[in-house]
>>> print(open('final.cif').read())   # mmCIF, C-alpha atoms
data_work
#
loop_
_atom_site.group_PDB
_atom_site.id
_atom_site.type_symbol
_atom_site.label_atom_id
_atom_site.label_comp_id
_atom_site.auth_asym_id
_atom_site.auth_seq_id
_atom_site.Cartn_x
_atom_site.Cartn_y
_atom_site.Cartn_z
ATOM 1 C CA MET A 1 32.736 44.224 41.380
ATOM 2 C CA SER A 2 31.740 40.592 42.256
ATOM 3 C CA THR A 3 34.120 37.910 43.542
ATOM 4 C CA SER A 4 33.838 35.970 40.229
ATOM 5 C CA SER A 5 34.834 39.080 38.243
ATOM 6 C CA ARG A 6 37.899 39.714 40.426
ATOM 7 C CA SER A 7 38.853 36.031 40.077
ATOM 8 C CA ALA A 8 38.549 36.226 36.255
ATOM 9 C CA GLU A 9 40.826 39.286 36.135
ATOM 10 C CA ARG A 10 43.715 37.314 37.726
ATOM 11 C CA PHE A 11 43.962 34.943 34.760
ATOM 12 C CA LYS A 12 44.372 35.075 31.051
ATOM 13 C CA TYR A 13 43.260 32.376 28.624
ATOM 14 C CA GLY A 14 44.727 30.885 25.482
ATOM 15 C CA ILE A 15 44.633 28.006 23.005
ATOM 16 C CA CYS A 16 47.674 26.055 21.813
ATOM 17 C CA LEU A 17 48.372 26.295 18.070
ATOM 18 C CA ASN A 18 51.049 23.575 17.938
ATOM 19 C CA ASP A 19 49.566 20.790 15.770
ATOM 20 C CA GLU A 20 51.872 18.229 17.390
ATOM 21 C CA CYS A 21 50.687 19.075 20.873
ATOM 22 C CA PRO A 22 47.851 16.953 22.303
ATOM 23 C CA GLU A 23 46.447 20.075 23.999
ATOM 24 C CA CYS A 24 46.044 21.670 20.557
ATOM 25 C CA LYS A 25 44.215 18.629 19.201
ATOM 26 C CA ALA A 26 41.923 18.670 22.232
ATOM 27 C CA LYS A 27 41.269 22.416 21.689
ATOM 28 C CA LYS A 28 41.701 22.934 25.391
ATOM 29 C CA VAL A 29 41.463 26.483 26.744
ATOM 30 C CA HIS A 30 44.331 27.053 29.185
ATOM 31 C CA GLN A 31 43.993 29.297 32.201
ATOM 32 C CA ILE A 32 47.294 31.120 32.821
ATOM 33 C CA PRO A 33 47.970 33.454 35.780
ATOM 34 C CA MET A 34 48.385 37.075 34.739
ATOM 35 C CA ARG A 35 51.961 37.207 36.056
ATOM 36 C CA LYS A 36 53.124 34.305 33.892
ATOM 37 C CA ASP A 37 53.828 34.123 30.148
ATOM 38 C CA LEU A 38 50.997 32.991 27.898
ATOM 39 C CA VAL A 39 52.582 29.666 26.809
ATOM 40 C CA CYS A 40 51.307 26.100 26.604
ATOM 41 C CA PRO A 41 52.110 24.188 29.788
ATOM 42 C CA GLU A 42 52.431 20.990 27.705
ATOM 43 C CA CYS A 43 54.727 21.968 24.813
ATOM 44 C CA GLY A 44 55.917 25.442 25.836
ATOM 45 C CA LYS A 45 54.715 27.076 22.606
ATOM 46 C CA PRO A 46 52.953 30.463 22.712
ATOM 47 C CA LEU A 47 49.206 30.345 23.166
ATOM 48 C CA ARG A 48 46.716 32.366 21.202
ATOM 49 C CA GLU A 49 44.791 34.496 23.640
ATOM 50 C CA CYS A 50 41.057 33.881 23.739
ATOM 51 C CA PRO A 51 38.042 34.792 25.926
ATOM 52 C CA PRO A 52 37.304 32.767 29.073
ATOM 53 C CA PRO A 53 35.323 29.580 28.417
ATOM 54 C CA ASN A 54 31.531 29.938 28.572
ATOM 55 C CA GLN A 55 30.231 28.648 31.896
ATOM 56 C CA GLY A 56 26.540 29.147 31.097
ATOM 57 C CA GLY A 57 26.109 26.199 28.692
ATOM 58 C CA ASN A 58 24.984 23.733 31.348
ATOM 59 C CA LYS A 59 22.522 26.245 32.768
ATOM 60 C CA LYS A 60 21.011 26.717 29.310
ATOM 61 C CA LEU A 61 20.671 22.950 28.802
ATOM 62 C CA ILE A 62 19.004 22.578 32.186
ATOM 63 C CA ALA A 63 16.535 25.340 31.291
ATOM 64 C CA ILE A 64 15.637 23.605 27.986
ATOM 65 C CA VAL A 65 15.081 20.242 29.701
ATOM 66 C CA ALA A 66 12.933 21.895 32.354
ATOM 67 C CA GLY A 67 10.826 23.540 29.651
ATOM 68 C CA VAL A 68 10.231 20.204 27.902
ATOM 69 C CA VAL A 69 9.169 18.604 31.190
ATOM 70 C CA VAL A 70 6.685 21.420 31.816
ATOM 71 C CA VAL A 71 5.154 21.028 28.319
ATOM 72 C CA LEU A 72 4.839 17.257 28.756
ATOM 73 C CA GLY A 73 3.243 17.801 32.135
ATOM 74 C CA ILE A 74 0.634 20.121 30.644
ATOM 75 C CA GLY A 75 -0.123 17.633 27.848
ATOM 76 C CA GLY A 76 -0.535 14.803 30.360
ATOM 77 C CA GLY A 77 -2.881 16.918 32.423
ATOM 78 C CA ILE A 78 -5.071 17.658 29.397
ATOM 79 C CA PHE A 79 -5.307 13.942 28.526
ATOM 80 C CA ALA A 80 -6.165 13.078 32.135
ATOM 81 C CA LEU A 81 -8.944 15.681 32.211
ATOM 82 C CA SER A 82 -10.381 14.215 29.000
ATOM 83 C CA GLY A 83 -11.209 11.026 30.927
ATOM 84 C CA GLY A 84 -9.305 8.745 28.492
ATOM 85 C CA ASP A 85 -12.408 8.245 26.322
ATOM 86 C CA GLU A 86 -11.327 7.310 22.782
ATOM 87 C CA GLY A 87 -14.500 8.690 21.220
ATOM 88 C CA THR A 88 -15.024 11.864 23.284
ATOM 89 C CA THR A 89 -12.542 14.589 24.219
ATOM 90 C CA THR A 90 -13.616 17.083 26.904
ATOM 91 C CA PRO A 91 -11.453 20.214 26.932
ATOM 92 C CA PRO A 92 -10.090 21.294 30.329
ATOM 93 C CA GLN A 93 -11.524 24.426 31.849
ATOM 94 C CA GLY A 94 -9.910 27.683 30.821
ATOM 95 C CA LEU A 95 -8.901 26.699 27.268
ATOM 96 C CA GLY A 96 -11.370 29.174 25.758
ATOM 97 C CA PRO A 97 -14.457 28.970 23.503
ATOM 98 C CA ASP A 98 -12.478 28.024 20.376
ATOM 99 C CA THR A 99 -11.444 24.623 21.778
ATOM 100 C CA THR A 100 -12.449 21.821 19.367
ATOM 101 C CA ILE A 101 -14.707 19.136 20.878
ATOM 102 C CA VAL A 102 -14.585 15.706 19.245
ATOM 103 C CA GLU A 103 -18.039 14.115 19.487
ATOM 104 C CA LYS A 104 -18.482 10.396 19.833
ATOM 105 C CA VAL A 105 -19.599 8.791 16.565
ATOM 106 C CA ASP A 106 -22.985 7.135 16.784
ATOM 107 C CA SER A 107 -22.558 3.359 16.613
ATOM 108 C CA ASP A 108 -25.846 3.014 14.692
ATOM 109 C CA SER A 109 -24.449 5.217 11.917
ATOM 110 C CA ILE A 110 -21.357 3.029 11.694
ATOM 111 C CA LYS A 111 -23.455 -0.128 11.424
ATOM 112 C CA ALA A 112 -25.646 1.457 8.736
ATOM 113 C CA ALA A 113 -22.577 2.426 6.705
ATOM 114 C CA GLN A 114 -21.152 -1.094 7.045
ATOM 115 C CA LEU A 115 -24.425 -2.678 5.888
ATOM 116 C CA ALA A 116 -24.611 -0.320 2.904
ATOM 117 C CA ALA A 117 -21.034 -1.189 1.894
ATOM 118 C CA ALA A 118 -21.757 -4.925 2.226
ATOM 119 C CA GLU A 119 -24.896 -4.617 0.084
ATOM 120 C CA ALA A 120 -23.012 -2.707 -2.607
ATOM 121 C CA ALA A 121 -20.285 -5.357 -2.660
ATOM 122 C CA LYS A 122 -22.918 -8.104 -2.950
ATOM 123 C CA GLN A 123 -24.611 -6.402 -5.904
ATOM 124 C CA GLN A 124 -21.273 -5.935 -7.658
ATOM 125 C CA ALA A 125 -20.432 -9.622 -7.160
ATOM 126 C CA GLU A 126 -23.818 -10.648 -8.617
ATOM 127 C CA GLU A 127 -23.274 -8.430 -11.658
ATOM 128 C CA GLU A 128 -19.826 -9.934 -12.229
ATOM 129 C CA ALA A 129 -21.292 -13.442 -11.935
ATOM 130 C CA LYS A 130 -23.935 -12.594 -14.551
ATOM 131 C CA LYS A 131 -21.240 -11.363 -16.926
ATOM 132 C CA GLU A 132 -19.311 -14.626 -16.475
ATOM 133 C CA ASP A 133 -22.462 -16.674 -17.138
ATOM 134 C CA VAL A 134 -23.000 -14.822 -20.422
ATOM 135 C CA LYS A 135 -19.469 -15.734 -21.524
ATOM 136 C CA LYS A 136 -19.982 -19.441 -20.772
ATOM 137 C CA PRO A 137 -21.467 -21.684 -23.496
ATOM 138 C CA GLN A 138 -25.204 -22.122 -22.929
ATOM 139 C CA PRO A 139 -26.579 -25.637 -22.438
ATOM 140 C CA PRO A 140 -28.599 -27.134 -25.281
ATOM 141 C CA THR A 141 -32.347 -26.662 -25.322
ATOM 142 C CA GLY A 142 -34.620 -29.669 -25.426
ATOM 143 C CA GLY A 143 -33.883 -33.161 -24.155
ATOM 144 C CA GLY A 144 -32.357 -36.178 -25.746
ATOM 145 C CA SER A 145 -28.969 -37.406 -26.810
ATOM 146 C CA LYS A 146 -27.850 -39.139 -29.997
ATOM 147 C CA ASP A 147 -24.637 -41.046 -30.604
ATOM 148 C CA LEU A 148 -23.337 -40.374 -34.109
ATOM 149 C CA GLY A 149 -20.209 -42.469 -33.658
ATOM 150 C CA TYR A 150 -17.699 -39.708 -34.263
ATOM 151 C CA ALA A 151 -19.696 -37.345 -32.010
ATOM 152 C CA THR A 152 -22.495 -37.150 -29.500
ATOM 153 C CA PHE A 153 -25.357 -34.779 -30.142
ATOM 154 C CA LYS A 154 -27.275 -33.331 -27.186
ATOM 155 C CA GLY A 155 -30.608 -31.749 -27.950
ATOM 156 C CA SER A 156 -33.612 -32.454 -30.149
ATOM 157 C CA TRP A 157 -32.293 -34.384 -33.153
ATOM 158 C CA PRO A 158 -32.429 -33.708 -36.089
ATOM 159 C CA ASN A 159 -33.792 -30.196 -35.508
ATOM 160 C CA ALA A 160 -32.531 -28.064 -32.647
ATOM 161 C CA VAL A 161 -32.338 -24.347 -32.037
ATOM 162 C CA ASN A 162 -29.585 -24.646 -29.434
ATOM 163 C CA GLY A 163 -28.087 -28.121 -29.814
ATOM 164 C CA ARG A 164 -24.593 -29.241 -28.929
ATOM 165 C CA MET A 165 -22.405 -31.657 -30.890
ATOM 166 C CA ILE A 166 -19.420 -33.001 -28.939
ATOM 167 C CA PHE A 167 -16.782 -34.670 -31.116
ATOM 168 C CA LYS A 168 -15.193 -37.907 -29.904
ATOM 169 C CA ALA A 169 -12.712 -38.097 -32.796
ATOM 170 C CA SER A 170 -11.313 -35.886 -35.536
ATOM 171 C CA HIS A 171 -14.096 -35.293 -38.060
ATOM 172 C CA VAL A 172 -15.550 -32.669 -40.419
ATOM 173 C CA ILE A 173 -17.996 -30.485 -38.553
ATOM 174 C CA ASP A 174 -20.665 -30.890 -41.228
ATOM 175 C CA SER A 175 -20.672 -32.492 -44.672
ATOM 176 C CA LYS A 176 -22.351 -29.388 -46.138
ATOM 177 C CA ASP A 177 -19.614 -27.051 -44.905
ATOM 178 C CA PRO A 178 -17.985 -25.654 -48.090
ATOM 179 C CA LYS A 179 -14.795 -24.956 -46.118
ATOM 180 C CA GLY A 180 -14.591 -28.517 -44.845
ATOM 181 C CA ARG A 181 -13.596 -27.459 -41.343
ATOM 182 C CA VAL A 182 -12.442 -30.348 -39.128
ATOM 183 C CA ALA A 183 -13.052 -30.579 -35.393
ATOM 184 C CA GLU A 184 -10.652 -32.433 -33.091
ATOM 185 C CA ALA A 185 -11.560 -34.838 -30.300
ATOM 186 C CA GLY A 186 -12.968 -32.822 -27.397
ATOM 187 C CA ASP A 187 -14.140 -29.949 -29.608
ATOM 188 C CA TYR A 188 -17.831 -29.081 -29.640
ATOM 189 C CA VAL A 189 -20.231 -26.902 -31.588
ATOM 190 C CA ILE A 190 -23.284 -25.142 -30.159
ATOM 191 C CA GLY A 191 -25.811 -23.852 -32.596
ATOM 192 C CA GLU A 192 -28.861 -24.480 -34.792
ATOM 193 C CA TRP A 193 -29.468 -27.747 -36.652
ATOM 194 C CA ALA A 194 -32.042 -28.525 -39.323
ATOM 195 C CA ASP A 195 -32.590 -31.998 -40.757
ATOM 196 C CA GLY A 196 -29.398 -33.205 -39.075
ATOM 197 C CA HIS A 197 -27.167 -30.509 -40.593
ATOM 198 C CA LEU A 198 -25.615 -27.478 -38.922
ATOM 199 C CA VAL A 199 -27.164 -24.181 -40.013
ATOM 200 C CA GLN A 200 -25.008 -21.910 -37.885
ATOM 201 C CA GLY A 201 -23.110 -22.156 -34.616
ATOM 202 C CA ILE A 202 -20.025 -21.425 -32.509
ATOM 203 C CA TRP A 203 -17.081 -23.818 -32.575
ATOM 204 C CA TYR A 204 -15.261 -24.366 -29.239
ATOM 205 C CA GLY A 205 -12.069 -26.205 -28.437
ATOM 206 C CA ALA A 206 -11.636 -28.768 -25.664
ATOM 207 C CA ASP A 207 -10.313 -25.914 -23.496
ATOM 208 C CA ASN A 208 -13.648 -24.039 -23.925
ATOM 209 C CA GLN A 209 -11.972 -21.359 -26.031
ATOM 210 C CA VAL A 210 -13.770 -20.161 -29.155
ATOM 211 C CA LYS A 211 -12.163 -21.429 -32.361
ATOM 212 C CA GLY A 212 -14.560 -19.626 -34.658
ATOM 213 C CA SER A 213 -18.073 -19.327 -35.991
ATOM 214 C CA VAL A 214 -19.528 -21.715 -38.567
ATOM 215 C CA ILE A 215 -22.302 -20.388 -40.833
ATOM 216 C CA ILE A 216 -23.540 -22.807 -43.523
ATOM 217 C CA GLY A 217 -27.190 -21.903 -43.962
ATOM 218 C CA ARG A 218 -30.099 -24.116 -44.827
#
>>> encode(input="final.cif", output="structure tokens")
Amino acid sequence: MSTSSRSAERFKYGICLNDECPECKAKKVHQIPMRKDLVCPECGKPLRECPPPNQGGNKKLIAIVAGVVVVLGIGGGIFALSGGDEGTTTPPQGLGPDTTIVEKVDSDSIKAAQLAAAEAAKQQAEEEAKKEDVKKPQPPTGGGSKDLGYATFKGSWPNAVNGRMIFKASHVIDSKDPKGRVAEAGDYVIGEWADGHLVQGIWYGADNQVKGSVIIGR
């Protein structure tokens, strides 16, 4: 029998159950000589006998910490053997044939991918710009400009396939319009004229928003 075992046999252990005793609140395990009564040295109340406190907890913690240090040391060694290259990882010797090797990406391939992405973005932007141009009112065909007083006509007067009449004051769009539609100052109409009268066209407001279509005919 070892010295520690003989020493443990000379004592008995207990926990105080008196809620008013500070030793009970601290859950302290008391070591009482075998020849004495198993009572709390603080309050004198009987102790509940219990096993000796575990002395191996610190050893276990030390073993866990040591294990973590060893693992970190191995990981650091692997990184050091790799040479610190961000693009290439060389496995240390002895890791086996299944070790994954990360190959360095060819810089030319990266540049080619970047150029392809830039070209695709450029083409998309051009397509969007074409769509916006289609939405915008087209300029009048033919030269010339005529002041009608209440409006200014841009295009070949009195006949124009794509003329524009910009109103300077509130006025009927055309005297032949059976609906008698009236344009406000800043409004304009783009369309076809024949003999100075609107045949058909699109009516826009001063904010470039479409107000409607005007179809009168010849």
>>> atom_distance(input="final.cif", atom1="atom CA of Ile190 of chain A", atom2="atom CA of Glu128 of chain A")
23.8 Å
>>> resolve_selection(input="final.cif", expression="the PyMOL selection byres ((chain A and resi 191-197) around 7)", output="ChimeraX atom specification")
/A:157-164,174,189-190,198-202
>>> atom_distance(input="final.cif", atom1="atom CA of Tyr188 of chain A", atom2="atom CA of Ala206 of chain A")
7.4 Å
>>> atom_distance(input="final.cif", atom1="atom CA of Ile166 of chain A", atom2="atom CA of Gly186 of chain A")
6.6 Å
>>> residues_around(input="final.cif", residues="Lys154 of chain A", least_positions_apart="6", cutoff="7 Å", atoms="all atoms listed in the file", output="PyMOL selection string")
chain A and resi 140+144-146+163-165
>>> closest_residue(input="final.cif", among="A:Ala169, A:Ile110, A:Ala118, A:Val29", to="Leu17 of chain A", atoms="all atoms listed in the file")
A:Val29
>>> resolve_selection(input="final.cif", expression="the PyMOL selection byres ((chain A and resi 208) around 10)", output="count of residues only")
13
>>> resolve_selection(input="final.cif", expression="the PyMOL selection byres ((chain A and resi 49) around 8)", output="mmCIF file with C-alpha atoms, in the frame of the given file")
data_model
loop_
_atom_site.group_PDB
_atom_site.id
_atom_site.type_symbol
_atom_site.label_atom_id
_atom_site.label_comp_id
_atom_site.auth_asym_id
_atom_site.auth_seq_id
_atom_site.Cartn_x
_atom_site.Cartn_y
_atom_site.Cartn_z
ATOM 1 C CA LYS A 12 44.372 35.075 31.051
ATOM 2 C CA TYR A 13 43.260 32.376 28.624
ATOM 3 C CA GLY A 14 44.727 30.885 25.482
ATOM 4 C CA ILE A 15 44.633 28.006 23.005
ATOM 5 C CA LEU A 38 50.997 32.991 27.898
ATOM 6 C CA LEU A 47 49.206 30.345 23.166
ATOM 7 C CA ARG A 48 46.716 32.366 21.202
ATOM 8 C CA CYS A 50 41.057 33.881 23.739
ATOM 9 C CA PRO A 51 38.042 34.792 25.926
#
>>> residues_around(input="final.cif", residues="Asn18 of chain A", least_positions_apart="5", cutoff="10 Å", atoms="all atoms listed in the file", output="NGL selection string")
:A and (23-25 or 40 or 43-47)
